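Novice: Got model_15.cif for you, mmCIF, C-alpha atoms:
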data_work
loop_
_atom_site.group_PDB
_atom_site.id
_atom_site.type_symbol
_atom_site.label_atom_id
_atom_site.label_comp_id
_atom_site.auth_asym_id
_atom_site.auth_seq_id
_atom_site.Cartn_x
_atom_site.Cartn_y
_atom_site.Cartn_z
ATOM 1 C CA MET A 1 -9.280 -70.510 28.898
ATOM 2 C CA TYR A 2 -8.525 -66.804 29.255
ATOM 3 C CA LYS A 3 -5.418 -64.821 28.380
ATOM 4 C CA LEU A 4 -3.989 -61.723 30.042
ATOM 5 C CA ILE A 5 -1.178 -59.470 28.799
ATOM 6 C CA LEU A 6 0.961 -57.641 31.374
ATOM 7 C CA LEU A 7 3.372 -55.034 29.999
ATOM 8 C CA ARG A 8 5.821 -52.931 31.952
ATOM 9 C CA HIS A 9 6.291 -49.585 30.220
ATOM 10 C CA GLY A 10 9.398 -48.969 28.124
ATOM 11 C CA GLU A 11 12.497 -47.425 29.659
ATOM 12 C CA SER A 12 11.816 -43.914 30.986
ATOM 13 C CA VAL A 13 14.246 -41.013 30.963
ATOM 14 C CA TRP A 14 14.751 -41.527 34.711
ATOM 15 C CA ASN A 15 15.176 -45.301 34.316
ATOM 16 C CA LYS A 16 18.021 -44.434 31.960
ATOM 17 C CA LYS A 17 19.594 -42.135 34.578
ATOM 18 C CA ASN A 18 18.979 -44.706 37.375
ATOM 19 C CA ILE A 19 16.806 -42.298 39.375
ATOM 20 C CA PHE A 20 14.028 -43.217 41.811
ATOM 21 C CA THR A 21 10.892 -42.298 39.867
ATOM 22 C CA GLY A 22 7.738 -43.479 41.633
ATOM 23 C CA TRP A 23 4.820 -41.148 40.874
ATOM 24 C CA THR A 24 7.001 -38.536 39.157
ATOM 25 C CA ASP A 25 5.453 -38.212 35.705
ATOM 26 C CA VAL A 26 8.475 -38.628 33.423
ATOM 27 C CA ASP A 27 8.284 -39.717 29.791
ATOM 28 C CA LEU A 28 9.853 -42.562 27.821
ATOM 29 C CA SER A 29 13.448 -42.379 26.660
ATOM 30 C CA GLN A 30 14.229 -42.988 22.984
ATOM 31 C CA ASN A 31 15.102 -46.543 23.952
ATOM 32 C CA GLY A 32 11.785 -46.804 25.806
ATOM 33 C CA VAL A 33 9.933 -45.875 22.620
ATOM 34 C CA LYS A 34 11.825 -48.638 20.795
ATOM 35 C CA GLU A 35 10.915 -51.103 23.558
ATOM 36 C CA ALA A 36 7.227 -50.230 23.200
ATOM 37 C CA GLU A 37 7.492 -50.729 19.433
ATOM 38 C CA MET A 38 9.168 -54.087 20.089
ATOM 39 C CA ALA A 39 6.300 -55.099 22.374
ATOM 40 C CA ALA A 40 3.842 -54.331 19.577
ATOM 41 C CA ARG A 41 5.808 -56.474 17.118
ATOM 42 C CA LEU A 42 5.935 -59.367 19.564
ATOM 43 C CA LEU A 43 2.195 -59.200 20.224
ATOM 44 C CA LYS A 44 1.394 -58.990 16.497
ATOM 45 C CA LYS A 45 3.607 -61.989 15.795
ATOM 46 C CA GLU A 46 1.599 -64.044 18.306
ATOM 47 C CA ASN A 47 -1.709 -62.632 17.019
ATOM 48 C CA LEU A 48 -2.500 -61.208 20.467
ATOM 49 C CA TYR A 49 -4.791 -58.400 19.381
ATOM 50 C CA PHE A 50 -6.258 -57.226 22.688
ATOM 51 C CA ASP A 51 -9.676 -55.589 22.821
ATOM 52 C CA PHE A 52 -9.542 -53.814 26.187
ATOM 53 C CA ALA A 53 -6.714 -51.963 27.924
ATOM 54 C CA PHE A 54 -5.882 -50.729 31.412
ATOM 55 C CA THR A 55 -3.110 -48.346 32.353
ATOM 56 C CA SER A 56 -2.044 -45.967 35.095
ATOM 57 C CA VAL A 57 -2.297 -42.173 34.960
ATOM 58 C CA LEU A 58 1.473 -41.791 34.421
ATOM 59 C CA LYS A 59 2.596 -40.856 30.922
ATOM 60 C CA ARG A 60 5.339 -43.496 30.561
ATOM 61 C CA ALA A 61 2.742 -46.263 30.877
ATOM 62 C CA ILE A 62 0.139 -44.372 28.839
ATOM 63 C CA ARG A 63 2.580 -43.616 26.013
ATOM 64 C CA THR A 64 3.775 -47.224 25.948
ATOM 65 C CA LEU A 65 0.171 -48.301 25.471
ATOM 66 C CA TRP A 66 -0.389 -45.619 22.807
ATOM 67 C CA ILE A 67 2.620 -46.843 20.830
ATOM 68 C CA VAL A 68 1.492 -50.469 21.070
ATOM 69 C CA GLN A 69 -2.032 -49.534 20.000
ATOM 70 C CA ASP A 70 -0.718 -47.441 17.115
ATOM 71 C CA LYS A 71 1.651 -50.104 15.790
ATOM 72 C CA MET A 72 -1.062 -52.772 16.085
ATOM 73 C CA ASP A 73 -3.785 -50.554 14.568
ATOM 74 C CA LEU A 74 -5.747 -50.783 17.821
ATOM 75 C CA MET A 75 -6.169 -47.091 18.641
ATOM 76 C CA TRP A 76 -9.925 -47.703 18.806
ATOM 77 C CA VAL A 77 -9.649 -50.155 21.702
ATOM 78 C CA PRO A 78 -11.272 -48.871 24.943
ATOM 79 C CA VAL A 79 -8.816 -47.804 27.655
ATOM 80 C CA LYS A 80 -9.328 -47.265 31.374
ATOM 81 C CA ARG A 81 -6.752 -45.241 33.297
ATOM 82 C CA ASN A 82 -6.563 -45.403 37.060
ATOM 83 C CA TRP A 83 -4.155 -44.118 39.707
ATOM 84 C CA ARG A 84 -4.267 -47.483 41.490
ATOM 85 C CA LEU A 85 -2.069 -48.898 38.704
ATOM 86 C CA ASN A 86 0.609 -46.251 39.319
ATOM 87 C CA GLU A 87 4.136 -47.205 40.232
ATOM 88 C CA ARG A 88 4.989 -47.608 43.908
ATOM 89 C CA HIS A 89 5.452 -44.197 45.544
ATOM 90 C CA TYR A 90 9.080 -43.801 46.612
ATOM 91 C CA GLY A 91 8.468 -40.833 48.889
ATOM 92 C CA ALA A 92 11.373 -38.445 49.409
ATOM 93 C CA LEU A 93 13.651 -40.697 47.336
ATOM 94 C CA GLN A 94 11.900 -39.595 44.152
ATOM 95 C CA GLY A 95 14.306 -37.654 41.971
ATOM 96 C CA LEU A 96 17.420 -39.059 43.664
ATOM 97 C CA ASN A 97 20.023 -41.235 41.971
ATOM 98 C CA LYS A 98 20.077 -44.829 43.246
ATOM 99 C CA GLU A 99 23.848 -45.259 43.174
ATOM 100 C CA GLY A 100 24.263 -41.846 44.804
ATOM 101 C CA MET A 101 22.030 -42.937 47.664
ATOM 102 C CA VAL A 102 24.071 -46.134 48.061
ATOM 103 C CA LYS A 103 27.178 -43.990 48.545
ATOM 104 C CA LYS A 104 25.323 -41.768 51.015
ATOM 105 C CA VAL A 105 23.500 -44.253 53.265
ATOM 106 C CA GLY A 106 24.903 -47.655 52.253
ATOM 107 C CA PHE A 107 23.818 -50.539 50.059
ATOM 108 C CA GLU A 108 21.814 -52.367 52.733
ATOM 109 C CA GLN A 109 19.568 -49.385 53.487
ATOM 110 C CA VAL A 110 18.884 -48.626 49.818
ATOM 111 C CA PHE A 111 18.257 -52.314 49.163
ATOM 112 C CA LYS A 112 15.661 -52.368 51.977
ATOM 113 C CA TRP A 113 13.934 -49.271 50.622
ATOM 114 C CA ARG A 114 13.909 -50.626 47.106
ATOM 115 C CA ARG A 115 13.312 -54.370 47.464
ATOM 116 C CA SER A 116 11.889 -55.256 50.884
ATOM 117 C CA TYR A 117 8.173 -55.961 51.136
ATOM 118 C CA ASP A 118 7.295 -53.932 54.233
ATOM 119 C CA VAL A 119 9.860 -51.108 54.530
ATOM 120 C CA ARG A 120 8.772 -47.634 53.398
ATOM 121 C CA PRO A 121 11.228 -45.013 52.110
ATOM 122 C CA PRO A 122 11.304 -41.620 53.886
ATOM 123 C CA ALA A 123 7.963 -39.862 53.397
ATOM 124 C CA LEU A 124 7.304 -36.633 51.524
ATOM 125 C CA LYS A 125 5.953 -33.764 53.593
ATOM 126 C CA LEU A 126 2.457 -32.654 52.615
ATOM 127 C CA SER A 127 3.913 -29.245 51.790
ATOM 128 C CA ASP A 128 6.376 -30.749 49.299
ATOM 129 C CA LYS A 129 5.393 -29.837 45.726
ATOM 130 C CA ARG A 130 6.215 -33.410 44.700
ATOM 131 C CA HIS A 131 3.338 -34.713 46.842
ATOM 132 C CA PRO A 132 0.394 -35.959 44.730
ATOM 133 C CA ILE A 133 -2.088 -33.803 46.648
ATOM 134 C CA HIS A 134 -0.731 -30.871 44.612
ATOM 135 C CA GLU A 135 -1.335 -32.502 41.207
ATOM 136 C CA GLU A 136 -4.411 -31.845 39.098
ATOM 137 C CA LYS A 137 -4.619 -35.472 37.922
ATOM 138 C CA TYR A 138 -5.483 -36.614 41.467
ATOM 139 C CA LYS A 139 -8.097 -33.969 42.256
ATOM 140 C CA ASN A 140 -10.887 -36.570 42.302
ATOM 141 C CA VAL A 141 -8.994 -39.032 44.519
ATOM 142 C CA LYS A 142 -9.725 -38.869 48.229
ATOM 143 C CA ARG A 143 -6.861 -37.058 49.901
ATOM 144 C CA ASN A 144 -6.279 -39.773 52.480
ATOM 145 C CA PHE A 145 -5.738 -42.290 49.654
ATOM 146 C CA LEU A 146 -2.807 -40.326 48.193
ATOM 147 C CA PRO A 147 0.480 -41.643 49.596
ATOM 148 C CA SER A 148 3.454 -39.744 50.964
ATOM 149 C CA THR A 149 5.475 -42.952 50.571
ATOM 150 C CA GLU A 150 4.755 -46.657 50.027
ATOM 151 C CA SER A 151 6.234 -50.049 50.741
ATOM 152 C CA LEU A 152 5.689 -52.773 48.174
ATOM 153 C CA HIS A 153 3.013 -54.105 50.546
ATOM 154 C CA ASP A 154 1.220 -50.752 50.385
ATOM 155 C CA CYS A 155 1.417 -50.806 46.594
ATOM 156 C CA VAL A 156 -0.036 -54.312 46.407
ATOM 157 C CA ASN A 157 -2.879 -53.327 48.748
ATOM 158 C CA ARG A 158 -3.616 -50.343 46.489
ATOM 159 C CA VAL A 159 -3.620 -52.366 43.264
ATOM 160 C CA MET A 160 -5.638 -55.404 44.299
ATOM 161 C CA PRO A 161 -9.048 -53.725 44.896
ATOM 162 C CA TYR A 162 -8.855 -52.401 41.333
ATOM 163 C CA TRP A 163 -7.824 -55.825 40.068
ATOM 164 C CA TYR A 164 -10.968 -57.394 41.516
ATOM 165 C CA SER A 165 -13.419 -54.569 40.791
ATOM 166 C CA SER A 166 -12.365 -53.602 37.273
ATOM 167 C CA ILE A 167 -9.797 -55.885 35.631
ATOM 168 C CA VAL A 168 -11.149 -59.328 36.553
ATOM 169 C CA PRO A 169 -14.622 -58.734 35.036
ATOM 170 C CA LYS A 170 -13.034 -57.640 31.743
ATOM 171 C CA ILE A 171 -10.699 -60.660 31.560
ATOM 172 C CA LYS A 172 -13.753 -62.901 31.432
ATOM 173 C CA THR A 173 -15.084 -61.219 28.279
ATOM 174 C CA ASN A 174 -12.041 -59.645 26.596
ATOM 175 C CA LEU A 175 -8.375 -60.112 25.798
ATOM 176 C CA VAL A 176 -6.975 -57.560 28.243
ATOM 177 C CA ILE A 177 -3.646 -55.744 28.340
ATOM 178 C CA VAL A 178 -2.417 -53.974 31.470
ATOM 179 C CA SER A 179 0.264 -51.403 30.673
ATOM 180 C CA ALA A 180 1.699 -50.392 34.019
ATOM 181 C CA HIS A 181 4.825 -50.359 36.171
ATOM 182 C CA GLY A 182 7.323 -52.705 37.742
ATOM 183 C CA ASN A 183 5.812 -52.687 41.218
ATOM 184 C CA SER A 184 2.111 -52.448 40.387
ATOM 185 C CA LEU A 185 2.600 -55.408 38.038
ATOM 186 C CA ARG A 186 4.561 -57.262 40.725
ATOM 187 C CA GLY A 187 1.441 -56.969 42.869
ATOM 188 C CA ILE A 188 -0.671 -58.647 40.185
ATOM 189 C CA VAL A 189 1.949 -61.347 39.604
ATOM 190 C CA LYS A 190 2.206 -61.954 43.357
ATOM 191 C CA HIS A 191 -1.533 -62.596 43.442
ATOM 192 C CA LEU A 192 -1.679 -64.776 40.318
ATOM 193 C CA ASP A 193 1.353 -66.903 41.205
ATOM 194 C CA GLY A 194 0.638 -67.044 44.939
ATOM 195 C CA LEU A 195 4.089 -65.684 45.790
ATOM 196 C CA SER A 196 5.233 -65.174 49.353
ATOM 197 C CA LYS A 197 6.604 -61.854 50.570
ATOM 198 C CA ARG A 198 10.160 -63.130 50.156
ATOM 199 C CA GLU A 199 9.485 -64.511 46.689
ATOM 200 C CA VAL A 200 8.013 -61.261 45.384
ATOM 201 C CA GLU A 201 10.992 -59.334 46.783
ATOM 202 C CA LYS A 202 13.183 -61.262 44.338
ATOM 203 C CA LEU A 203 10.849 -60.791 41.375
ATOM 204 C CA ASN A 204 12.064 -58.465 38.613
ATOM 205 C CA ILE A 205 9.914 -57.522 35.617
ATOM 206 C CA PRO A 206 11.760 -56.193 32.546
ATOM 207 C CA THR A 207 10.633 -53.183 30.529
ATOM 208 C CA GLY A 208 9.048 -53.737 27.141
ATOM 209 C CA TYR A 209 8.595 -57.520 27.123
ATOM 210 C CA PRO A 210 4.940 -58.673 27.216
ATOM 211 C CA LEU A 211 4.213 -61.217 29.946
ATOM 212 C CA ILE A 212 1.404 -63.562 28.927
ATOM 213 C CA TYR A 213 -0.778 -65.456 31.389
ATOM 214 C CA GLU A 214 -3.084 -68.275 30.377
ATOM 215 C CA LEU A 215 -5.811 -68.650 32.989
ATOM 216 C CA ASN A 216 -8.449 -71.277 33.679
ATOM 217 C CA ASN A 217 -12.114 -70.551 34.406
ATOM 218 C CA LYS A 218 -11.249 -69.659 37.992
ATOM 219 C CA LEU A 219 -8.533 -67.277 36.732
ATOM 220 C CA ASN A 220 -5.781 -69.479 38.113
ATOM 221 C CA PRO A 221 -2.646 -69.586 35.920
ATOM 222 C CA VAL A 222 -2.076 -72.724 33.857
ATOM 223 C CA ASN A 223 0.819 -71.205 31.906
ATOM 224 C CA LYS A 224 2.831 -67.997 31.691
ATOM 225 C CA TYR A 225 5.647 -66.788 29.455
ATOM 226 C CA TYR A 226 7.386 -63.705 28.154
ATOM 227 C CA LEU A 227 7.331 -62.953 24.446
ATOM 228 C CA GLY A 228 10.741 -62.458 22.880
ATOM 229 C CA ASN A 229 14.250 -63.878 22.837
ATOM 230 C CA GLN A 230 14.917 -65.592 26.162
ATOM 231 C CA LYS A 231 18.568 -64.485 26.355
ATOM 232 C CA GLU A 232 17.543 -60.869 25.823
ATOM 233 C CA ILE A 233 14.750 -61.205 28.391
ATOM 234 C CA ASP A 234 17.192 -62.625 30.954
ATOM 235 C CA LYS A 235 19.563 -59.746 30.212
ATOM 236 C CA ALA A 236 16.755 -57.217 30.733
ATOM 237 C CA ILE A 237 15.736 -58.852 34.032
ATOM 238 C CA HIS A 238 19.353 -58.750 35.226
ATOM 239 C CA LYS A 239 19.509 -55.050 34.314
ATOM 240 C CA VAL A 240 16.568 -54.341 36.636
ATOM 241 C CA GLU A 241 18.099 -56.448 39.401
ATOM 242 C CA SER A 242 21.480 -54.700 39.146
ATOM 243 C CA GLN A 243 20.386 -51.072 39.384
ATOM 244 C CA ILE A 244 22.070 -50.458 42.760
ATOM 245 C CA LYS A 245 25.026 -52.830 42.445
#
Represent the structure of the file as C-alpha cells.

Specialist:
Amino acid sequence: MYKLILLRHGESVWNKKNIFTGWTDVDLSQNGVKEAEMAARLLKKENLYFDFAFTSVLKRAIRTLWIVQDKMDLMWVPVKRNWRLNERHYGALQGLNKEGMVKKVGFEQVFKWRRSYDVRPPALKLSDKRHPIHEEKYKNVKRNFLPSTESLHDCVNRVMPYWYSSIVPKIKTNLVIVSAHGNSLRGIVKHLDGLSKREVEKLNIPTGYPLIYELNNKLNPVNKYYLGNQKEIDKAIHKVESQIK
C-alpha cells in the first residue's frame, strides 16, 4: 500500500482578488500563508511526514511547500521543481478579473474558458511580455513546449508525462507530496480516479487542504480523503466553484 499527498497551494494574492492567474508568478496572500500552515498541522496530526516533494516553478506552490516543510521540520527533504506542474495557462485572460470578464463577454463564455475541458482562452501573442518565452525560468524549456494558452485538456497532457516519468517511480519508494495548482492537480486526479471529461469539469480542489490517496501495488486508488473539518472543506470547495457567480 502506497500513499500520496496532493496539496493545492494556499490562496494567492490574485486568488483573493478573483483574477485569472495561470502562469503569472504571484505570491501567497496572508490567508494563503495561514492555509499552508494549516496544511502542515493537518499532516503532522496524521503523522504524514513525507520524504520526497514535487512542485511547480511558480512561487505560490513553492512557498506553500516551504511553509509546510518548515512547520514539519522537513526542510531537508529533497524537492524537484518542474514547469509541467504549473497551473493551466490562461492566455490573454491572465491578469483580468473574472467577474469583470463575465460583465464584458457573458457568463457562458467565461464559464467555457474556465471550466470546459477542450476550450482554450484567447492566446497571448509571442511579443506579449507575459508570454513565458520571455521569462528566465523557462530558458531551458523547448520554445515550442511553452504555451500561449491552454485548455484543461492541454494542461492534463502536459502534466501526465511528468507523472509517469518522475512522480510514479518515487511513489513506489517514498511518501510523496505534490504541491501544485488547481488544474495541474485536477489532471492527476482525473487519471487516478478515471474521470471522464465531463466529470473533471465539475471537479474543484480547495486551497490548503491536503488530499490523501491510498494506492495499491498497481497505483490504483483504494481510498482517498481530505484532511480537515469536512464542513470547512465543503465551504472551500464551494468558494472555488463560485468564483464567477

Novice: Rank nothing, just name the residue among A:Phe107, A:Phe20, A:Trp76, A:Trp14 nearest to A:Arg60, using only C-alpha atoms.

Specialist: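 The shortest atom-to-atom distance to A:Arg60 comes from A:Trp14.
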
Novice: Run the PyMOL selection byres ((chain A and resi 212-218) around 8) mentally over the shown coordinates, then write out the matched residues as a list in words, using the chain letters and numbers from the document.

Specialist: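 For this structure, the PyMOL selection byres ((chain A and resi 212-218) around 8) resolves to Met1, Tyr2, Lys3, Leu4, Ile5, Leu6, Pro210, Leu211, Leu219, Asn220, Pro221, Val222, Asn223, Lys224, Tyr225, Tyr226 and Leu227 of chain A.
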
Novice: Using only C-alpha atoms, pick whichever of A:Val156, A:Leu74, A:Leu93, A:Leu58 has the shortest atom-to-atom distance to A:Ser179.

Specialist: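 Result for the nearest residue to A:Ser179: A:Leu58.
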
Novice: Which is closest to A:Val159 among A:Gly32, A:Gly187, A:Pro122, A:Pro132, if we use only C-alpha atoms?

Specialist: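 The answer is A:Gly187, which sits nearest to A:Val159.
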
Novice: Of the candidates A:Asn18, A:Ser166, A:Ser127, A:Ser116, which shows the shortest atom-to-atom distance to A:Ser151, using all atoms listed in the file?

Specialist: A:Ser116

Novice: Residues picked by the PyMOL selection byres ((chain A and resi 131) around 12) here, as a PDB file with C-alpha atoms, keeping the file's coordinate frame?

Specialist:
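Output (expr.pdb):
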ATOM      1  CA  GLY A  22       7.738 -43.479  41.633  1.00  0.00           C
ATOM      2  CA  TRP A  23       4.820 -41.148  40.874  1.00  0.00           C
ATOM      3  CA  THR A  24       7.001 -38.536  39.157  1.00  0.00           C
ATOM      4  CA  ASP A  25       5.453 -38.212  35.705  1.00  0.00           C
ATOM      5  CA  HIS A  89       5.452 -44.197  45.544  1.00  0.00           C
ATOM      6  CA  TYR A  90       9.080 -43.801  46.612  1.00  0.00           C
ATOM      7  CA  GLY A  91       8.468 -40.833  48.889  1.00  0.00           C
ATOM      8  CA  ALA A  92      11.373 -38.445  49.409  1.00  0.00           C
ATOM      9  CA  LEU A  93      13.651 -40.697  47.336  1.00  0.00           C
ATOM     10  CA  GLN A  94      11.900 -39.595  44.152  1.00  0.00           C
ATOM     11  CA  ALA A 123       7.963 -39.862  53.397  1.00  0.00           C
ATOM     12  CA  LEU A 124       7.304 -36.633  51.524  1.00  0.00           C
ATOM     13  CA  LYS A 125       5.953 -33.764  53.593  1.00  0.00           C
ATOM     14  CA  LEU A 126       2.457 -32.654  52.615  1.00  0.00           C
ATOM     15  CA  SER A 127       3.913 -29.245  51.790  1.00  0.00           C
ATOM     16  CA  ASP A 128       6.376 -30.749  49.299  1.00  0.00           C
ATOM     17  CA  LYS A 129       5.393 -29.837  45.726  1.00  0.00           C
ATOM     18  CA  ARG A 130       6.215 -33.410  44.700  1.00  0.00           C
ATOM     19  CA  PRO A 132       0.394 -35.959  44.730  1.00  0.00           C
ATOM     20  CA  ILE A 133      -2.088 -33.803  46.648  1.00  0.00           C
ATOM     21  CA  HIS A 134      -0.731 -30.871  44.612  1.00  0.00           C
ATOM     22  CA  GLU A 135      -1.335 -32.502  41.207  1.00  0.00           C
ATOM     23  CA  GLU A 136      -4.411 -31.845  39.098  1.00  0.00           C
ATOM     24  CA  LYS A 137      -4.619 -35.472  37.922  1.00  0.00           C
ATOM     25  CA  TYR A 138      -5.483 -36.614  41.467  1.00  0.00           C
ATOM     26  CA  ARG A 143      -6.861 -37.058  49.901  1.00  0.00           C
ATOM     27  CA  LEU A 146      -2.807 -40.326  48.193  1.00  0.00           C
ATOM     28  CA  PRO A 147       0.480 -41.643  49.596  1.00  0.00           C
ATOM     29  CA  SER A 148       3.454 -39.744  50.964  1.00  0.00           C
ATOM     30  CA  THR A 149       5.475 -42.952  50.571  1.00  0.00           C
TER      31      THR A 149
END

Novice: What are the centre and edge lengths in Å, to one decimal, of the axis-aligned box around all listed atoms of stretch 109-124 of chain A with 3 Å added on each side, as lines of an AutoDock Vina configuration file?

Specialist:
center_x = 13.4
center_y = -46.3
center_z = 50.8
size_x = 18.3
size_y = 25.3
size_z = 13.4

Novice: I'd like to see the residues matched by the PyMOL selection byres ((chain A and resi 43) around 10) on this file, and ideally I'd get them as a PyMOL selection string.

Specialist: chain A and resi 5+38-42+44-50+68+72+209-210+212+227-228

Novice: From the options A:Lys239, A:Arg8, A:Arg88, A:Arg198, which residue's atoms come nearest to A:Leu152, counting all atoms listed in the file?

Specialist: A:Arg88

Novice: Could you give me, as a list in words, the residues within 9 Å of A:Glu87, counting all atoms listed in the file and dropping anything in the same chain fewer than 6 positions from it?

Specialist: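 Counting all atoms listed in the file, the residues come to Thr21, Gly22, Trp23, Ser56, Leu58, Cys155, Ala180, His181, Gly182, Asn183, Ser184 and Leu185 of chain A.
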
Novice: When distances are computed from only C-alpha atoms, which of A:Leu192, A:Val110, A:Val77, A:Val178 shows the smallest separation from A:Ile62?

Specialist: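 Using only C-alpha atoms, A:Ile62 sits closest to A:Val178.
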